[in-house]
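File shown here: my_file-v6.cif, holding mmCIF, C-alpha atoms.
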```cif
data_target
loop_
_atom_site.label_atom_id
_atom_site.label_comp_id
_atom_site.auth_asym_id
_atom_site.auth_seq_id
_atom_site.Cartn_x
_atom_site.Cartn_y
_atom_site.Cartn_z
CA MET A 1 -97.31 -1.27 33.11
CA THR A 2 -96.43 2.20 31.87
CA THR A 3 -95.91 2.96 28.19
CA GLU A 4 -92.21 3.49 28.84
CA GLY A 5 -91.94 0.15 30.64
CA LYS A 6 -93.76 -1.65 27.86
CA GLU A 7 -91.48 -0.10 25.23
CA SER A 8 -88.38 -1.22 27.14
CA VAL A 9 -89.65 -4.81 27.06
CA GLU A 10 -90.41 -4.73 23.35
CA THR A 11 -87.07 -3.40 22.18
CA GLY A 12 -83.42 -4.19 22.77
CA VAL A 13 -82.29 -7.52 24.20
CA ARG A 14 -85.56 -8.17 26.06
CA GLY A 15 -87.49 -7.60 22.86
CA GLU A 16 -85.25 -10.03 20.98
CA VAL A 17 -85.85 -12.76 23.52
CA SER A 18 -89.58 -12.18 23.92
CA GLN A 19 -90.54 -11.48 20.29
CA ASP A 20 -87.94 -13.08 18.02
CA ARG A 21 -87.98 -16.45 19.73
CA PHE A 22 -91.27 -17.79 18.32
CA VAL A 23 -92.26 -17.91 14.64
CA ALA A 24 -95.62 -19.49 13.75
CA GLY A 25 -95.60 -21.30 17.10
CA GLN A 26 -92.11 -22.72 16.57
CA ASP A 27 -89.50 -22.04 19.25
CA LEU A 28 -86.26 -21.10 17.46
CA THR A 29 -84.24 -21.79 20.61
CA ARG A 30 -85.19 -25.47 20.72
CA TRP A 31 -82.76 -27.80 18.98
CA LYS A 32 -84.09 -31.27 18.25
CA SER A 33 -80.95 -32.76 16.67
CA PRO A 34 -77.80 -33.74 18.59
CA ALA A 35 -75.75 -31.52 16.29
CA GLY A 36 -77.99 -28.55 17.07
CA ARG A 37 -77.71 -29.11 20.81
CA THR A 38 -73.94 -29.39 20.51
CA MET A 39 -73.78 -26.09 18.63
CA ALA A 40 -75.98 -24.45 21.27
CA ARG A 41 -73.68 -25.62 24.07
CA SER A 42 -70.64 -24.39 22.14
CA ALA A 43 -72.28 -21.01 21.61
CA GLU A 44 -73.00 -20.76 25.35
CA TRP A 45 -69.37 -21.52 26.12
CA VAL A 46 -68.08 -18.86 23.70
CA THR A 47 -70.62 -16.38 25.06
CA GLY A 48 -69.40 -16.99 28.59
CA LEU A 49 -65.89 -16.04 27.49
CA LEU A 50 -66.52 -13.19 25.04
CA GLY A 51 -70.13 -12.07 25.32
CA PRO A 52 -73.19 -12.75 23.12
CA TYR A 53 -72.42 -10.38 20.25
CA ALA A 54 -68.83 -11.64 20.00
CA ALA A 55 -70.16 -15.19 19.93
CA LEU A 56 -72.57 -14.23 17.15
CA VAL A 57 -69.79 -12.70 15.09
CA ILE A 58 -67.51 -15.71 15.61
CA THR A 59 -70.33 -18.06 14.58
CA LEU A 60 -70.93 -16.01 11.43
CA VAL A 61 -67.24 -16.04 10.53
CA ALA A 62 -67.13 -19.80 10.99
CA GLY A 63 -70.29 -20.07 8.93
CA LEU A 64 -68.68 -18.04 6.14
CA GLY A 65 -65.83 -20.54 6.07
CA VAL A 66 -68.35 -23.35 5.69
CA ALA A 67 -70.19 -21.39 2.99
CA LEU A 68 -66.97 -20.85 1.03
CA CYS A 69 -66.21 -24.57 1.17
CA LEU A 70 -69.74 -25.33 0.01
CA ALA A 71 -69.37 -22.82 -2.82
CA LEU A 72 -66.14 -24.47 -3.96
CA VAL A 73 -67.69 -27.92 -3.88
CA PHE A 74 -70.76 -26.63 -5.69
CA GLY A 75 -68.53 -24.96 -8.26
CA GLU A 76 -66.72 -28.21 -8.97
CA VAL A 77 -70.03 -30.02 -9.42
CA TYR A 78 -71.26 -27.15 -11.56
CA GLU A 79 -68.24 -27.39 -13.85
CA SER A 80 -68.74 -31.14 -14.26
CA VAL A 81 -72.39 -30.65 -15.14
CA THR A 82 -71.78 -27.85 -17.62
CA GLU A 83 -68.95 -29.75 -19.29
CA ALA A 84 -71.26 -32.75 -19.66
CA ASP A 85 -73.86 -30.45 -21.24
CA GLY A 86 -76.42 -31.43 -18.63
CA VAL A 87 -78.20 -28.46 -17.04
CA ALA A 88 -76.10 -26.24 -19.31
CA GLY A 89 -78.17 -27.51 -22.18
CA LEU A 90 -80.74 -24.98 -20.99
CA ASP A 91 -78.39 -22.02 -21.33
CA ASP A 92 -78.51 -21.43 -25.07
CA PRO A 93 -82.26 -22.09 -25.50
CA VAL A 94 -83.18 -19.81 -22.58
CA LEU A 95 -80.97 -16.99 -23.87
CA ALA A 96 -82.45 -17.42 -27.32
CA ALA A 97 -85.96 -17.25 -25.85
CA ALA A 98 -85.06 -14.09 -23.92
CA LYS A 99 -83.85 -12.41 -27.10
CA THR A 100 -87.20 -13.04 -28.80
CA VAL A 101 -89.12 -10.97 -26.21
CA ARG A 102 -86.75 -8.00 -26.10
CA SER A 103 -87.88 -4.53 -27.09
CA PRO A 104 -86.27 -1.08 -26.69
CA ALA A 105 -88.69 -0.06 -23.92
CA LEU A 106 -88.40 -3.37 -22.06
CA ASP A 107 -84.61 -3.30 -22.39
CA VAL A 108 -84.48 0.10 -20.67
CA ALA A 109 -86.89 -1.00 -17.93
CA VAL A 110 -85.04 -4.25 -17.17
CA THR A 111 -81.66 -2.47 -17.19
CA ALA A 112 -82.98 0.08 -14.68
CA TYR A 113 -84.38 -2.72 -12.53
CA THR A 114 -81.20 -4.81 -12.56
CA ASN A 115 -79.23 -1.75 -11.44
CA ILE A 116 -81.14 -1.94 -8.15
CA GLY A 117 -79.28 -5.17 -7.44
CA GLY A 118 -75.91 -3.78 -8.51
CA THR A 119 -72.90 -2.53 -6.57
CA VAL A 120 -74.54 0.84 -5.93
CA GLY A 121 -78.27 0.21 -5.66
CA MET A 122 -78.22 -2.84 -3.40
CA PRO A 123 -75.89 -1.40 -0.71
CA ILE A 124 -77.95 1.79 -0.49
CA ILE A 125 -81.19 -0.16 -0.04
CA ALA A 126 -79.62 -2.61 2.42
CA VAL A 127 -78.06 0.10 4.59
CA GLY A 128 -81.32 2.05 4.71
CA ILE A 129 -83.29 -1.01 5.84
CA MET A 130 -80.55 -1.98 8.29
CA ILE A 131 -80.58 1.44 9.98
CA PHE A 132 -84.38 1.43 10.17
CA LEU A 133 -84.54 -2.03 11.77
CA ALA A 134 -81.68 -1.36 14.20
CA THR A 135 -83.19 1.96 15.29
CA ARG A 136 -86.68 0.56 15.68
CA ARG A 137 -85.49 -2.44 17.67
CA ARG A 138 -82.75 -0.58 19.57
CA SER A 139 -80.45 -3.49 18.87
CA TRP A 140 -77.22 -4.19 17.02
CA THR A 141 -78.50 -7.58 15.86
CA PRO A 142 -79.99 -6.37 12.52
CA VAL A 143 -76.71 -4.55 11.80
CA ILE A 144 -74.59 -7.62 12.49
CA LEU A 145 -76.84 -10.01 10.56
CA MET A 146 -77.28 -7.78 7.51
CA LEU A 147 -73.61 -6.83 7.32
CA ALA A 148 -72.60 -10.46 7.70
CA ALA A 149 -75.09 -11.64 5.09
CA GLY A 150 -74.16 -8.94 2.57
CA LEU A 151 -70.40 -9.05 3.06
CA GLY A 152 -70.44 -12.85 3.02
CA SER A 153 -72.24 -13.00 -0.32
CA LEU A 154 -69.84 -10.38 -1.67
CA VAL A 155 -66.80 -12.40 -0.56
CA ILE A 156 -68.21 -15.55 -2.14
CA THR A 157 -68.83 -13.68 -5.40
CA ILE A 158 -65.40 -12.03 -5.50
CA LEU A 159 -63.56 -15.29 -4.76
CA GLY A 160 -65.76 -17.47 -6.95
CA LYS A 161 -65.44 -15.52 -10.20
CA PRO A 162 -61.66 -15.79 -10.69
CA ILE A 163 -61.52 -19.37 -9.43
CA PHE A 164 -63.93 -20.69 -12.08
CA GLY A 165 -63.55 -17.95 -14.69
CA ARG A 166 -66.55 -18.87 -16.79
CA THR A 167 -67.05 -16.73 -19.90
CA ARG A 168 -70.21 -14.64 -20.14
CA PRO A 169 -72.53 -14.84 -23.16
CA ASP A 170 -71.19 -13.11 -26.28
CA MET A 171 -71.51 -9.34 -26.27
CA ALA A 172 -73.48 -9.65 -29.51
CA ASP A 173 -76.19 -11.36 -27.44
CA ALA A 174 -76.05 -8.88 -24.55
CA ILE A 175 -77.63 -5.49 -23.92
CA PRO A 176 -75.25 -2.68 -22.96
CA PRO A 177 -73.71 -1.56 -20.70
CA TYR A 178 -71.52 -4.64 -21.01
CA GLU A 179 -69.85 -6.44 -18.11
CA HIS A 180 -66.45 -8.07 -18.31
CA SER A 181 -65.93 -10.02 -15.09
CA ALA A 182 -66.33 -13.79 -14.99
CA SER A 183 -69.86 -15.13 -15.31
CA PHE A 184 -70.00 -17.64 -12.43
CA PRO A 185 -71.59 -17.01 -10.02
CA SER A 186 -74.07 -14.23 -10.81
CA GLY A 187 -73.35 -11.56 -8.20
CA HIS A 188 -76.69 -9.83 -8.68
CA SER A 189 -78.54 -13.11 -8.15
CA LEU A 190 -76.49 -14.16 -5.14
CA ASN A 191 -76.62 -10.80 -3.38
CA SER A 192 -80.30 -10.21 -4.06
CA ILE A 193 -81.44 -13.55 -2.63
CA VAL A 194 -79.24 -13.14 0.45
CA ILE A 195 -80.24 -9.54 1.21
CA ALA A 196 -83.93 -10.10 0.43
CA GLY A 197 -83.85 -13.29 2.48
CA ILE A 198 -82.27 -11.80 5.60
CA VAL A 199 -84.56 -8.75 5.47
CA ALA A 200 -87.59 -11.02 5.13
CA TYR A 201 -86.35 -13.13 8.05
CA LEU A 202 -85.88 -10.12 10.33
CA ILE A 203 -89.33 -8.79 9.45
CA ILE A 204 -91.04 -12.17 9.86
CA LEU A 205 -89.67 -12.47 13.39
CA ARG A 206 -91.96 -9.62 14.45
CA LEU A 207 -95.04 -10.42 12.34
CA LYS A 208 -98.04 -11.89 14.13
CA THR A 209 -100.17 -13.34 11.32
CA MET A 210 -99.54 -16.11 8.82
CA ARG A 211 -100.89 -13.92 6.02
CA ALA A 212 -98.33 -11.20 6.71
CA ARG A 213 -95.52 -13.74 6.85
CA VAL A 214 -96.57 -15.34 3.56
CA ILE A 215 -96.77 -11.94 1.84
CA THR A 216 -93.29 -11.06 3.11
CA VAL A 217 -91.82 -14.32 1.81
CA VAL A 218 -93.55 -13.93 -1.57
CA VAL A 219 -92.29 -10.36 -2.02
CA ALA A 220 -88.71 -11.34 -1.10
CA ALA A 221 -88.80 -14.40 -3.36
CA ALA A 222 -90.27 -12.40 -6.25
CA PHE A 223 -87.50 -9.81 -5.93
CA ALA A 224 -84.74 -12.44 -5.94
CA LEU A 225 -86.38 -14.40 -8.79
CA THR A 226 -86.91 -11.41 -11.07
CA MET A 227 -83.45 -10.01 -10.32
CA GLY A 228 -81.83 -13.27 -11.37
CA LEU A 229 -83.95 -13.63 -14.50
CA SER A 230 -83.16 -10.04 -15.48
CA ARG A 231 -79.51 -11.06 -15.78
CA VAL A 232 -80.44 -13.76 -18.28
CA TYR A 233 -82.77 -11.45 -20.20
CA LEU A 234 -79.99 -8.88 -20.59
CA GLY A 235 -77.53 -11.54 -21.77
CA HIS A 236 -75.13 -10.81 -18.91
CA HIS A 237 -75.29 -14.31 -17.43
CA TRP A 238 -76.17 -17.85 -18.37
CA LEU A 239 -79.17 -19.41 -16.67
CA THR A 240 -76.93 -21.88 -14.85
CA ASP A 241 -74.92 -18.97 -13.37
CA VAL A 242 -78.14 -17.70 -11.84
CA LEU A 243 -79.31 -21.12 -10.63
CA ALA A 244 -75.92 -21.70 -8.98
CA ALA A 245 -75.97 -18.28 -7.33
CA TRP A 246 -79.43 -18.94 -5.91
CA ALA A 247 -78.33 -22.29 -4.48
CA ILE A 248 -75.18 -20.83 -2.90
CA GLY A 249 -77.13 -17.84 -1.59
CA ILE A 250 -79.75 -20.05 0.07
CA ALA A 251 -77.00 -22.07 1.75
CA TRP A 252 -75.28 -18.94 3.09
CA LEU A 253 -78.61 -17.49 4.22
CA ALA A 254 -79.38 -20.69 6.11
CA LEU A 255 -76.04 -20.44 7.92
CA VAL A 256 -76.69 -16.81 8.91
CA ILE A 257 -80.13 -17.70 10.25
CA THR A 258 -78.64 -20.63 12.17
CA ALA A 259 -76.13 -18.26 13.75
CA HIS A 260 -78.96 -15.98 14.84
CA ARG A 261 -80.88 -18.91 16.30
CA LEU A 262 -77.83 -19.81 18.37
CA TYR A 263 -77.61 -16.19 19.54
CA LEU A 264 -81.29 -16.26 20.55
CA THR A 265 -80.76 -19.57 22.35
CA VAL A 266 -77.93 -18.18 24.44
CA ARG A 267 -79.83 -14.95 25.17
CA THR A 268 -82.94 -16.91 26.24
CA ARG A 269 -81.04 -19.26 28.55
CA ARG A 270 -79.00 -16.47 30.12
CA GLN A 271 -82.10 -14.34 30.72
CA GLY A 272 -83.91 -17.33 32.19
CA ALA A 273 -80.96 -17.96 34.52
CA VAL A 274 -81.02 -14.33 35.66
CA VAL A 275 -84.79 -14.40 36.29
CA SER A 276 -84.59 -17.65 38.23
#
```
Can you dump the structure from the file as structure tokens?
Amino acid sequence: MTTEGKESVETGVRGEVSQDRFVAGQDLTRWKSPAGRTMARSAEWVTGLLGPYAALVITLVAGLGVALCLALVFGEVYESVTEADGVAGLDDPVLAAAKTVRSPALDVAVTAYTNIGGTVGMPIIAVGIMIFLATRRRSWTPVILMLAAGLGSLVITILGKPIFGRTRPDMADAIPPYEHSASFPSGHSLNSIVIAGIVAYLIILRLKTMRARVITVVVAAAFALTMGLSRVYLGHHWLTDVLAAWAIGIAWLALVITAHRLYLTVRTRRQGAVVS
């Protein structure tokens, strides 16, 4: 096979089917549960009508609706817990502990770091990675998945804050610049875990060794963890805001990954039908 022929197999749609399908020996296009098989058949039906990318987008939109419902349910549970002073009993002690380790130099460093996950830093990083992955793979899939993941987490944040309207910690306990939007959920925490998670997922799909996959997961998890904790350190969010954002973000990320698995399933079956 020529170099050009090999490259054509490794990128684009053929590359997605041949390389993204298996992770650590697991076939992402195999659905063991009846619900999974039903979703796969539905995705094939929509693909037959509108095409694979349209089916992927429709699945993501439907997933966002599910994620919003989950966020609302989670928010109701969250309010009940905080009102009962359950998990919320950690909020004041953790903030107090964070204040004891503050210093002028550390305050500046953590503020600079948390800005990476803000409304300016995170989009710049995400768009750069998205363009790199899409160009390297010669596929629109990274663009669709990263835009869906990022915009979905943004929608959940924007809708969640006014609905629950939780008050942030007192400004006297916070490090400037101050923030004035509602505290629940933590947007930095939600967006960082979603973006780091989808980037890690896209990278892991093409990694060949377990060691490389573990390192990728650890780096992504460390970024999301430290970004969330930075919000507590700065006094901009309560710990429970961050914990809730992580939980919602993981749920949304799981839905995005499920949508991609359905896309891969349809692509694999259609390519197999063409070959046969």
Practice problem: Kindly extract all protein, DNA and RNA residues lying within 12 Å of the coordinates (-74.3, -7.5, 11.9) given in the file, considering only C-alpha atoms, and supply them as a PyMOL selection string. | Solution: chain A and resi 53-61+126-127+130-131+133-134+139-152+198+202+256-257+259-260
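Closest approach to A:Ala62 from the set A:Ala98, A:Ile175, A:Leu106, A:Leu255 is made by A:Leu255, with distances taken over only C-alpha atoms.
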Quiz prompt | Neighbour list for stretch 215-227 of chain A as an MDAnalysis selection string, cut-off 8 Å, only C-alpha atoms, skip fewer than 5 positions in-chain | solution = chainID A and resid 113:114 117 188:189 192:193 196:197 200 203:204
Practice problem: May I have the protein, DNA and RNA residues with an atom at most 10 Å from (-78.0, -15.0, -19.1), counting all atoms listed in the file in the file's coordinates, returned as a VMD selection string? | Solution: chain A and resid 91 to 92 94 to 96 98 168 to 169 173 to 174 183 186 228 to 242
Practice problem: Please indicate the distance in Å from atom CA of A:Gly75 to atom CA of A:Ala244, rounded to one decimal place. | Solution: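 Computed distance, atom CA of A:Gly75 to atom CA of A:Ala244, equals 8.1 Å.
For the residues A:Thr29, A:Pro176, A:Ala40, A:Ala182, ranking by smallest atom-to-atom distance to A:Val110 using only C-alpha atoms places A:Pro176 first.
Proximity of A:Gly165, A:Gly118, A:Gly249, A:Pro177 to A:Val194, computed with all atoms listed in the file, is greatest for A:Gly249.
We find atom CA of A:Ile124 and atom CA of A:Ser153 to be spaced 15.9 Å apart.
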Quiz prompt | atom CA of A:Asn191 to atom CA of A:Pro104, straight-line distance in Å | solution =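 Distance reported for this atom pair: 27.0 Å.
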Can you tell me, as AutoDock Vina command-line options, the centre and edge lengths (Å, one decimal) of the axis-aligned box enclosing all of stretch 238-244 of chain A's listed atoms after padding each side by 6 Å?
```
--center_x -77.1 --center_y -19.8 --center_z -13.7 --size_x 16.4 --size_y 16.2 --size_z 21.4
```
Exercise. Evaluate the PyMOL selection byres ((chain A and resi 74) around 12) on the structure here and hand back the selected residues as a list in words.
Key: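 When the PyMOL selection byres ((chain A and resi 74) around 12) is applied to the shown file, the picked residues are Ala67, Leu68, Cys69, Leu70, Ala71, Leu72, Val73, Gly75, Glu76, Val77, Tyr78, Glu79, Ser80, Val81, Ile156, Gly160, Phe164, Phe184, Pro185, Asp241, Leu243, Ala244, Ala245, Trp246, Ala247, Ile248, Gly249 and Ala251 of chain A.
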Self-check item: the PyMOL selection byres ((chain A and resi 42) around 12) applied to the shown file, residues as a ChimeraX atom specification
Solution: /A:35-41,43-49,52,55-56,58-59,259,262-263,265-266
